[in-house]
$ cat data_11.cif   # mmCIF, C-alpha atoms
data_coords
loop_
_atom_site.group_PDB
_atom_site.id
_atom_site.type_symbol
_atom_site.label_atom_id
_atom_site.label_comp_id
_atom_site.auth_asym_id
_atom_site.auth_seq_id
_atom_site.Cartn_x
_atom_site.Cartn_y
_atom_site.Cartn_z
ATOM 1 C CA MET A 461 25.732 -29.739 -5.189
ATOM 2 C CA SER A 462 22.296 -31.151 -5.197
ATOM 3 C CA THR A 463 19.498 -30.892 -2.728
ATOM 4 C CA GLN A 464 17.289 -33.781 -1.899
ATOM 5 C CA GLN A 465 14.321 -34.248 0.354
ATOM 6 C CA ILE A 466 14.532 -37.159 2.737
ATOM 7 C CA GLY A 467 12.559 -38.314 5.724
ATOM 8 C CA ARG A 468 9.138 -37.741 4.163
ATOM 9 C CA PRO A 469 7.192 -39.752 1.643
ATOM 10 C CA PRO A 470 6.789 -38.017 -1.726
ATOM 11 C CA GLY A 471 3.824 -35.656 -1.784
ATOM 12 C CA GLU A 472 3.490 -35.248 1.981
ATOM 13 C CA GLY A 473 5.226 -31.868 2.036
ATOM 14 C CA ARG A 474 3.132 -30.707 -0.872
ATOM 15 C CA ALA A 475 -0.104 -31.628 0.907
ATOM 16 C CA PHE A 476 1.024 -29.654 3.955
ATOM 17 C CA SER A 477 2.126 -26.822 1.661
ATOM 18 C CA ALA A 478 -1.303 -26.641 0.060
ATOM 19 C CA SER A 479 -3.149 -26.666 3.371
ATOM 20 C CA LEU A 480 -1.082 -24.058 5.274
ATOM 21 C CA GLY A 481 -2.399 -21.088 3.297
ATOM 22 C CA THR A 482 -5.975 -22.382 3.504
ATOM 23 C CA ILE A 483 -5.693 -22.908 7.267
ATOM 24 C CA ALA A 484 -4.245 -19.403 7.752
ATOM 25 C CA ALA A 485 -6.967 -17.803 5.602
ATOM 26 C CA GLY A 486 -9.703 -19.778 7.390
ATOM 27 C CA ALA A 487 -8.323 -18.944 10.838
ATOM 28 C CA MET A 488 -8.211 -15.247 9.970
ATOM 29 C CA LEU A 489 -11.814 -15.309 8.742
ATOM 30 C CA VAL A 490 -12.920 -17.051 11.954
ATOM 31 C CA LEU A 491 -11.040 -14.464 14.035
ATOM 32 C CA LEU A 492 -12.522 -11.603 11.993
ATOM 33 C CA GLY A 493 -16.026 -13.022 12.448
ATOM 34 C CA LEU A 494 -15.558 -13.388 16.206
ATOM 35 C CA LEU A 495 -14.310 -9.818 16.527
ATOM 36 C CA TRP A 496 -17.220 -8.600 14.409
ATOM 37 C CA VAL A 497 -19.628 -10.325 16.787
ATOM 38 C CA ILE A 498 -17.837 -8.754 19.780
ATOM 39 C CA GLU A 499 -18.221 -5.331 18.215
ATOM 40 C CA THR A 500 -21.844 -5.913 17.201
ATOM 41 C CA LEU A 501 -22.593 -6.803 20.830
ATOM 42 C CA ASP A 502 -20.896 -3.536 21.897
ATOM 43 C CA VAL A 503 -18.421 -5.447 24.066
ATOM 44 C CA ALA A 504 -15.447 -3.567 22.615
ATOM 45 C CA ALA A 505 -14.452 -1.344 19.704
ATOM 46 C CA ILE A 506 -12.072 -3.078 17.329
ATOM 47 C CA ASN A 507 -9.071 -1.444 15.700
ATOM 48 C CA TYR A 508 -9.281 -3.179 12.326
ATOM 49 C CA GLY A 509 -6.061 -1.556 11.119
ATOM 50 C CA ALA A 510 -4.092 -3.094 13.981
ATOM 51 C CA LEU A 511 -5.868 -6.386 13.338
ATOM 52 C CA LEU A 512 -4.828 -6.380 9.663
ATOM 53 C CA ALA A 513 -1.251 -5.534 10.682
ATOM 54 C CA VAL A 514 -1.158 -8.441 13.148
ATOM 55 C CA GLY A 515 -2.578 -10.657 10.398
ATOM 56 C CA LEU A 516 0.287 -9.609 8.116
ATOM 57 C CA VAL A 517 2.860 -10.501 10.791
ATOM 58 C CA VAL A 518 1.187 -13.901 11.272
ATOM 59 C CA VAL A 519 1.169 -14.562 7.519
ATOM 60 C CA GLY A 520 4.866 -13.618 7.343
ATOM 61 C CA ALA A 521 5.710 -15.909 10.266
ATOM 62 C CA ALA A 522 3.724 -18.757 8.676
ATOM 63 C CA LEU A 523 5.646 -18.276 5.415
ATOM 64 C CA VAL A 524 9.000 -18.445 7.220
ATOM 65 C CA ALA A 525 7.911 -21.416 9.320
ATOM 66 C CA GLY A 526 6.616 -23.263 6.280
ATOM 67 C CA ALA A 527 9.518 -22.376 3.991
ATOM 68 C CA ARG A 528 10.822 -25.919 3.991
ATOM 69 C CA THR A 529 7.548 -27.388 2.807
ATOM 70 C CA GLY A 530 6.850 -25.058 -0.096
ATOM 71 C CA ALA A 531 6.648 -21.508 -1.404
ATOM 72 C CA HIS A 532 2.993 -21.226 -0.211
ATOM 73 C CA ALA A 533 1.590 -19.099 -3.019
ATOM 74 C CA GLY A 534 -1.745 -18.779 -1.189
ATOM 75 C CA LEU A 535 -0.080 -17.208 1.842
ATOM 76 C CA ILE A 536 1.894 -14.838 -0.389
ATOM 77 C CA VAL A 537 -1.329 -13.732 -2.117
ATOM 78 C CA LEU A 538 -3.021 -13.271 1.288
ATOM 79 C CA GLY A 539 -0.049 -11.233 2.548
ATOM 80 C CA LEU A 540 -0.042 -9.103 -0.592
ATOM 81 C CA ALA A 541 -3.772 -8.406 -0.180
ATOM 82 C CA LEU A 542 -3.248 -7.372 3.465
ATOM 83 C CA THR A 543 -0.271 -5.196 2.517
ATOM 84 C CA LEU A 544 -2.269 -3.522 -0.256
ATOM 85 C CA ALA A 545 -5.175 -2.791 2.099
ATOM 86 C CA LEU A 546 -2.850 -1.384 4.771
ATOM 87 C CA THR A 547 -0.905 0.676 2.214
ATOM 88 C CA ILE A 548 -4.129 2.223 0.892
ATOM 89 C CA ALA A 549 -5.315 2.868 4.460
ATOM 90 C CA THR A 550 -2.004 4.580 5.245
ATOM 91 C CA ALA A 551 -1.901 6.554 1.981
ATOM 92 C CA VAL A 552 -5.377 8.031 2.393
ATOM 93 C CA SER A 553 -5.245 8.154 6.227
ATOM 94 C CA VAL A 554 -8.227 5.836 6.630
ATOM 95 C CA PRO A 555 -9.153 5.516 10.305
ATOM 96 C CA LEU A 556 -9.876 1.799 10.809
ATOM 97 C CA HIS A 557 -11.444 1.753 14.243
ATOM 98 C CA GLY A 558 -15.002 1.972 15.457
ATOM 99 C CA HIS A 559 -18.228 0.361 14.353
ATOM 100 C CA VAL A 560 -19.181 -0.954 10.958
ATOM 101 C CA GLY A 561 -22.557 0.007 9.500
ATOM 102 C CA GLU A 562 -24.950 2.926 9.618
ATOM 103 C CA GLN A 563 -24.898 5.205 12.664
ATOM 104 C CA HIS A 564 -27.285 8.127 13.049
ATOM 105 C CA PHE A 565 -27.104 10.416 16.073
ATOM 106 C CA SER A 566 -29.936 12.903 16.425
ATOM 107 C CA VAL A 567 -28.650 14.772 19.436
ATOM 108 C CA GLN A 568 -31.263 16.588 21.532
ATOM 109 C CA ALA A 569 -29.186 18.254 24.269
ATOM 110 C CA ILE A 570 -25.632 19.487 24.744
ATOM 111 C CA GLU A 571 -25.030 16.821 27.413
ATOM 112 C CA GLU A 572 -25.517 14.158 24.765
ATOM 113 C CA VAL A 573 -22.796 15.525 22.498
ATOM 114 C CA GLN A 574 -19.773 13.215 22.521
ATOM 115 C CA PRO A 575 -16.265 14.574 22.003
ATOM 116 C CA SER A 576 -15.540 11.912 19.411
ATOM 117 C CA TYR A 577 -17.464 9.762 16.942
ATOM 118 C CA SER A 578 -15.808 7.048 14.874
ATOM 119 C CA ILE A 579 -16.835 4.265 12.539
ATOM 120 C CA THR A 580 -14.692 2.006 10.370
ATOM 121 C CA ALA A 581 -17.085 1.641 7.457
ATOM 122 C CA GLY A 582 -20.613 2.814 6.677
ATOM 123 C CA ASP A 583 -22.531 6.045 7.041
ATOM 124 C CA LEU A 584 -22.242 8.335 10.053
ATOM 125 C CA ALA A 585 -24.822 11.109 10.435
ATOM 126 C CA LEU A 586 -24.664 13.658 13.257
ATOM 127 C CA ASP A 587 -27.641 15.952 13.670
ATOM 128 C CA PHE A 588 -26.794 18.831 16.033
ATOM 129 C CA HIS A 589 -29.371 21.320 14.745
ATOM 130 C CA ARG A 590 -31.476 21.261 17.944
ATOM 131 C CA ILE A 591 -28.503 21.873 20.229
ATOM 132 C CA VAL A 592 -27.954 25.163 22.032
ATOM 133 C CA PHE A 593 -24.178 25.312 22.292
ATOM 134 C CA PRO A 594 -22.754 27.019 25.384
ATOM 135 C CA ALA A 595 -20.474 30.067 25.367
ATOM 136 C CA GLY A 596 -16.884 29.202 24.543
ATOM 137 C CA ASP A 597 -15.510 26.488 22.304
ATOM 138 C CA THR A 598 -17.078 23.065 21.898
ATOM 139 C CA ASN A 599 -14.846 20.521 20.149
ATOM 140 C CA VAL A 600 -16.175 17.487 18.310
ATOM 141 C CA GLU A 601 -14.149 14.986 16.329
ATOM 142 C CA ALA A 602 -15.640 12.553 13.802
ATOM 143 C CA ARG A 603 -13.929 9.852 11.746
ATOM 144 C CA VAL A 604 -15.174 7.508 9.038
ATOM 145 C CA GLY A 605 -12.844 4.930 7.464
ATOM 146 C CA ALA A 606 -14.857 4.219 4.340
ATOM 147 C CA GLY A 607 -18.319 5.690 3.827
ATOM 148 C CA ASN A 608 -20.145 8.953 4.267
ATOM 149 C CA LEU A 609 -20.084 11.525 7.031
ATOM 150 C CA THR A 610 -22.948 14.009 7.243
ATOM 151 C CA ILE A 611 -23.229 16.704 9.923
ATOM 152 C CA GLN A 612 -26.032 19.191 10.460
ATOM 153 C CA VAL A 613 -25.179 22.170 12.678
ATOM 154 C CA PRO A 614 -27.547 24.820 14.062
ATOM 155 C CA GLU A 615 -27.850 28.336 12.620
ATOM 156 C CA ASP A 616 -27.035 30.156 15.853
ATOM 157 C CA VAL A 617 -23.505 28.883 16.423
ATOM 158 C CA ALA A 618 -20.264 29.889 14.733
ATOM 159 C CA VAL A 619 -18.525 26.866 13.282
ATOM 160 C CA LEU A 620 -14.962 26.024 12.305
ATOM 161 C CA VAL A 621 -14.637 22.874 10.210
ATOM 162 C CA ARG A 622 -11.204 21.297 9.779
ATOM 163 C CA TYR A 623 -11.381 18.293 7.503
ATOM 164 C CA HIS A 624 -9.407 15.659 5.671
ATOM 165 C CA VAL A 625 -10.879 13.410 2.975
ATOM 166 C CA GLY A 626 -8.510 10.739 1.632
ATOM 167 C CA VAL A 627 -10.463 10.184 -1.551
ATOM 168 C CA GLY A 628 -13.990 11.397 -2.345
ATOM 169 C CA ASP A 629 -16.071 14.559 -2.114
ATOM 170 C CA ALA A 630 -16.264 17.260 0.525
ATOM 171 C CA THR A 631 -19.164 19.717 0.704
ATOM 172 C CA VAL A 632 -18.872 22.164 3.590
ATOM 173 C CA PHE A 633 -21.378 25.011 3.877
ATOM 174 C CA GLY A 634 -22.106 24.749 0.153
ATOM 175 C CA HIS A 635 -18.462 24.705 -0.980
ATOM 176 C CA SER A 636 -17.679 21.470 -2.805
ATOM 177 C CA GLU A 637 -14.459 19.811 -3.847
ATOM 178 C CA SER A 638 -13.542 16.350 -5.107
ATOM 179 C CA GLY A 639 -10.392 14.306 -5.428
ATOM 180 C CA PHE A 640 -7.575 12.862 -3.369
ATOM 181 C CA SER A 641 -6.222 14.031 -0.032
ATOM 182 C CA LEU A 642 -8.576 16.968 0.405
ATOM 183 C CA GLU A 643 -7.487 18.981 3.413
ATOM 184 C CA ASN A 644 -9.005 22.309 4.283
ATOM 185 C CA GLU A 645 -10.770 24.371 6.899
ATOM 186 C CA ARG A 646 -13.819 26.548 6.612
ATOM 187 C CA THR A 647 -15.674 28.817 9.007
ATOM 188 C CA THR A 648 -19.078 30.386 9.125
ATOM 189 C CA ALA A 649 -19.361 34.178 8.941
ATOM 190 C CA GLY A 650 -18.250 36.013 12.080
ATOM 191 C CA TYR A 651 -16.520 32.986 13.586
ATOM 192 C CA GLU A 652 -13.554 34.955 14.982
ATOM 193 C CA ARG A 653 -15.771 37.305 17.036
ATOM 194 C CA ALA A 654 -18.393 34.767 18.098
ATOM 195 C CA ASP A 655 -18.962 33.736 21.725
ATOM 196 C CA HIS A 656 -20.561 30.370 20.965
ATOM 197 C CA ARG A 657 -18.250 28.339 18.777
ATOM 198 C CA LEU A 658 -18.308 24.771 17.521
ATOM 199 C CA ILE A 659 -15.036 23.294 16.255
ATOM 200 C CA LEU A 660 -15.328 20.194 14.108
ATOM 201 C CA ASP A 661 -12.310 18.002 13.265
ATOM 202 C CA LEU A 662 -13.423 15.607 10.564
ATOM 203 C CA ASN A 663 -11.651 12.759 8.808
ATOM 204 C CA VAL A 664 -13.050 10.570 6.027
ATOM 205 C CA GLY A 665 -10.716 7.981 4.510
ATOM 206 C CA ALA A 666 -12.711 7.149 1.395
ATOM 207 C CA GLY A 667 -16.188 8.588 0.820
ATOM 208 C CA ASP A 668 -18.158 11.792 1.053
ATOM 209 C CA LEU A 669 -18.230 14.477 3.690
ATOM 210 C CA GLU A 670 -21.064 16.970 4.014
ATOM 211 C CA VAL A 671 -21.478 19.697 6.635
ATOM 212 C CA LYS A 672 -24.578 21.853 6.382
ATOM 213 C CA GLN A 673 -26.104 24.603 8.499
ATOM 214 C CA MET B 560 24.051 -31.439 5.184
ATOM 215 C CA SER B 561 20.406 -31.281 6.132
ATOM 216 C CA GLY B 562 17.973 -33.179 3.999
ATOM 217 C CA TRP B 563 15.389 -30.377 4.015
ATOM 218 C CA THR B 564 14.880 -28.133 1.023
ATOM 219 C CA PHE B 565 14.073 -24.560 1.903
ATOM 220 C CA HIS B 566 12.304 -22.026 -0.265
ATOM 221 C CA PRO B 567 14.347 -18.834 0.087
ATOM 222 C CA THR B 568 11.642 -16.820 -1.702
ATOM 223 C CA ALA B 569 9.145 -17.756 1.023
ATOM 224 C CA ILE B 570 11.651 -16.809 3.741
ATOM 225 C CA VAL B 571 12.465 -13.415 2.165
ATOM 226 C CA ILE B 572 8.821 -12.513 1.509
ATOM 227 C CA GLY B 573 7.798 -13.845 4.928
ATOM 228 C CA LEU B 574 10.391 -11.678 6.681
ATOM 229 C CA LEU B 575 9.308 -8.687 4.590
ATOM 230 C CA PHE B 576 5.658 -9.261 5.589
ATOM 231 C CA MET B 577 6.707 -9.435 9.241
ATOM 232 C CA VAL B 578 8.705 -6.184 9.067
ATOM 233 C CA LEU B 579 5.894 -4.392 7.208
ATOM 234 C CA GLY B 580 3.290 -5.823 9.595
ATOM 235 C CA VAL B 581 5.148 -4.518 12.645
ATOM 236 C CA ALA B 582 5.591 -1.123 10.957
ATOM 237 C CA PHE B 583 1.865 -0.947 10.090
ATOM 238 C CA LEU B 584 0.957 -2.026 13.623
ATOM 239 C CA LEU B 585 3.096 0.712 15.179
ATOM 240 C CA ASP B 586 1.502 3.180 12.764
ATOM 241 C CA GLN B 587 -2.009 2.036 13.730
ATOM 242 C CA LEU B 588 -1.114 2.379 17.415
ATOM 243 C CA GLN B 589 0.254 5.858 16.608
ATOM 244 C CA ALA B 590 3.729 4.976 17.903
ATOM 245 C CA ILE B 591 5.197 6.026 14.540
ATOM 246 C CA GLU B 592 3.833 7.892 11.533
ATOM 247 C CA LEU B 593 4.237 5.637 8.518
ATOM 248 C CA GLN B 594 3.993 7.205 5.096
ATOM 249 C CA ALA B 595 3.105 5.392 1.885
ATOM 250 C CA ARG B 596 6.206 6.766 0.158
ATOM 251 C CA TYR B 597 8.377 4.593 2.426
ATOM 252 C CA ILE B 598 6.424 1.418 1.698
ATOM 253 C CA ALA B 599 6.902 1.348 -2.094
ATOM 254 C CA PRO B 600 10.750 1.279 -1.911
ATOM 255 C CA ALA B 601 10.548 -1.471 0.718
ATOM 256 C CA TRP B 602 8.521 -3.538 -1.719
ATOM 257 C CA VAL B 603 11.001 -2.941 -4.571
ATOM 258 C CA ILE B 604 13.856 -4.057 -2.273
ATOM 259 C CA GLY B 605 11.859 -7.095 -1.116
ATOM 260 C CA LEU B 606 10.928 -8.045 -4.681
ATOM 261 C CA GLY B 607 14.581 -7.799 -5.718
ATOM 262 C CA LEU B 608 15.688 -9.973 -2.784
ATOM 263 C CA ALA B 609 12.949 -12.518 -3.513
ATOM 264 C CA ILE B 610 13.981 -12.718 -7.186
ATOM 265 C CA MET B 611 17.642 -13.172 -6.201
ATOM 266 C CA ALA B 612 16.725 -15.818 -3.637
ATOM 267 C CA GLY B 613 14.574 -17.670 -6.162
ATOM 268 C CA SER B 614 17.376 -17.515 -8.726
ATOM 269 C CA LEU B 615 19.948 -18.876 -6.246
ATOM 270 C CA ARG B 616 17.631 -21.767 -5.421
ATOM 271 C CA GLN B 617 17.133 -22.482 -9.122
ATOM 272 C CA ARG B 618 20.927 -22.561 -9.691
ATOM 273 C CA SER B 619 21.346 -24.790 -6.651
ATOM 274 C CA ARG B 620 18.826 -27.291 -8.041
ATOM 275 C CA GLU B 621 20.416 -27.255 -11.507
ATOM 276 C CA SER B 622 23.988 -27.875 -10.286
#

$ encode --input "data_11.cif" --output "structure tokens"
Amino acid sequence: MSTQQIGRPPGEGRAFSASLGTIAAGAMLVLLGLLWVIETLDVAAINYGALLAVGLVVVGAALVAGARTGAHAGLIVLGLALTLALTIATAVSVPLHGHVGEQHFSVQAIEEVQPSYSITAGDLALDFHRIVFPAGDTNVEARVGAGNLTIQVPEDVAVLVRYHVGVGDATVFGHSESGFSLENERTTAGYERADHRLILDLNVGAGDLEVKQ
Amino acid sequence: MSGWTFHPTAIVIGLLFMVLGVAFLLDQLQAIELQARYIAPAWVIGLGLAIMAGSLRQRSRES
């Protein structure tokens, strides 16, 4: 049995084949740029992980739809790159939502403390050292996809730090560790009996974490 | 018989991308908890299917 291609002039399918991957890659870059602008303008926070996953579905659908015009090596390479990025993000628990870039919060009053801080990539610095924390537990969560997370806490509060670092370094109250999938919790002296307690849940996908008092 | 030639490798890999994409999306939306140890076997299966599909197409063209 032989297969033959009819109904198209020679080379037409190949031209379409070559352009499909380029069009898909270009469209994704345009979409990424638009979303970046939306986030820069503080219109909405983007979940880049979900965006990459949708991109992978679109690439897969384009491959199936274009299967009769070629193998589309460019699309396969694009899909492999997306899969690799998502696999790494899943393996090291990289949170891919929030801003991109440097964020520094020098908090002056307890009312300004947010329950959650999150960036996708860059450096996040939280300076709480001027805060007088109220009696009871205050919970703060901070996530960085790729980059550094630095937190300064005041002397007069007992602190529990629960952290996960996918890959990188963690230095919490002077105790340092390096490597993959670092997961630990540390407290300041007298935490169990303290009235004023700060509980930090911290997650860094790839990068360095530092908590100092 | 249709006059179109299909590339089975593209179909297999495309379907695999779609399945993985949906799985990653559900993981990102915290509907499921995907673990990397499940992704590697999926790739080995997909690679095997793609190689078989490519081989079948090659045989089809030769005969």

$ resolve_selection --input "data_11.cif" --expression "the PyMOL selection byres ((chain A) within 8 of (chain B))" --output "number ranges by chain"
A: 461-467, 509-510, 513-524, 527-532, 536, 539, 543, 546-548, 550-551

$ resolve_selection --input "data_11.cif" --expression "the PyMOL selection byres ((chain A and resi 644) around 7)" --output "PyMOL selection string"
chain A and resi 622-624+642-643+645-646

$ atom_distance --input "data_11.cif" --atom1 "atom CA of Ser638 of chain A" --atom2 "atom CA of Val664 of chain A"
12.6 Å

$ atom_distance --input "data_11.cif" --atom1 "atom CA of Asn507 of chain A" --atom2 "atom CA of Gly561 of chain A"
14.9 Å

$ axis_aligned_box --input "data_11.cif" --around "segment 514-525 of chain A" --padding-each-side "3 Å" --output "lines of an AutoDock Vina configuration file"
center_x = 3.2
center_y = -14.9
center_z = 9.3
size_x = 17.6
size_y = 19.0
size_z = 13.7

$ residues_around --input "data_11.cif" --residues "segment 489-493 of chain A" --least-positions-apart "6" --cutoff "10 Å" --atoms "all atoms listed in the file" --output "ChimeraX atom specification"
/A:483,499,508,511-512,515

$ residues_around --input "data_11.cif" --residues "Thr500 of chain A" --least-positions-apart "6" --cutoff "10 Å" --atoms "all atoms listed in the file" --output "list in words"
Leu494, His559, Val560 and Gly561 of chain A

$ atom_distance --input "data_11.cif" --atom1 "atom CA of Asp661 of chain A" --atom2 "atom CA of Ala602 of chain A"
6.4 Å

$ resolve_selection --input "data_11.cif" --expression "the PyMOL selection byres ((chain A and resi 564) around 6)" --output "VMD selection string"
chain A and resid 563 565 584 to 585

$ residues_around --input "data_11.cif" --residues "Asp587 of chain A" --least-positions-apart "4" --cutoff "10 Å" --atoms "all atoms listed in the file" --output "list in words"
His564, Phe565, Ser566, Val567, Gln568, Ile591, Thr610, Ile611, Gln612, Val613, Pro614 and Lys672 of chain A
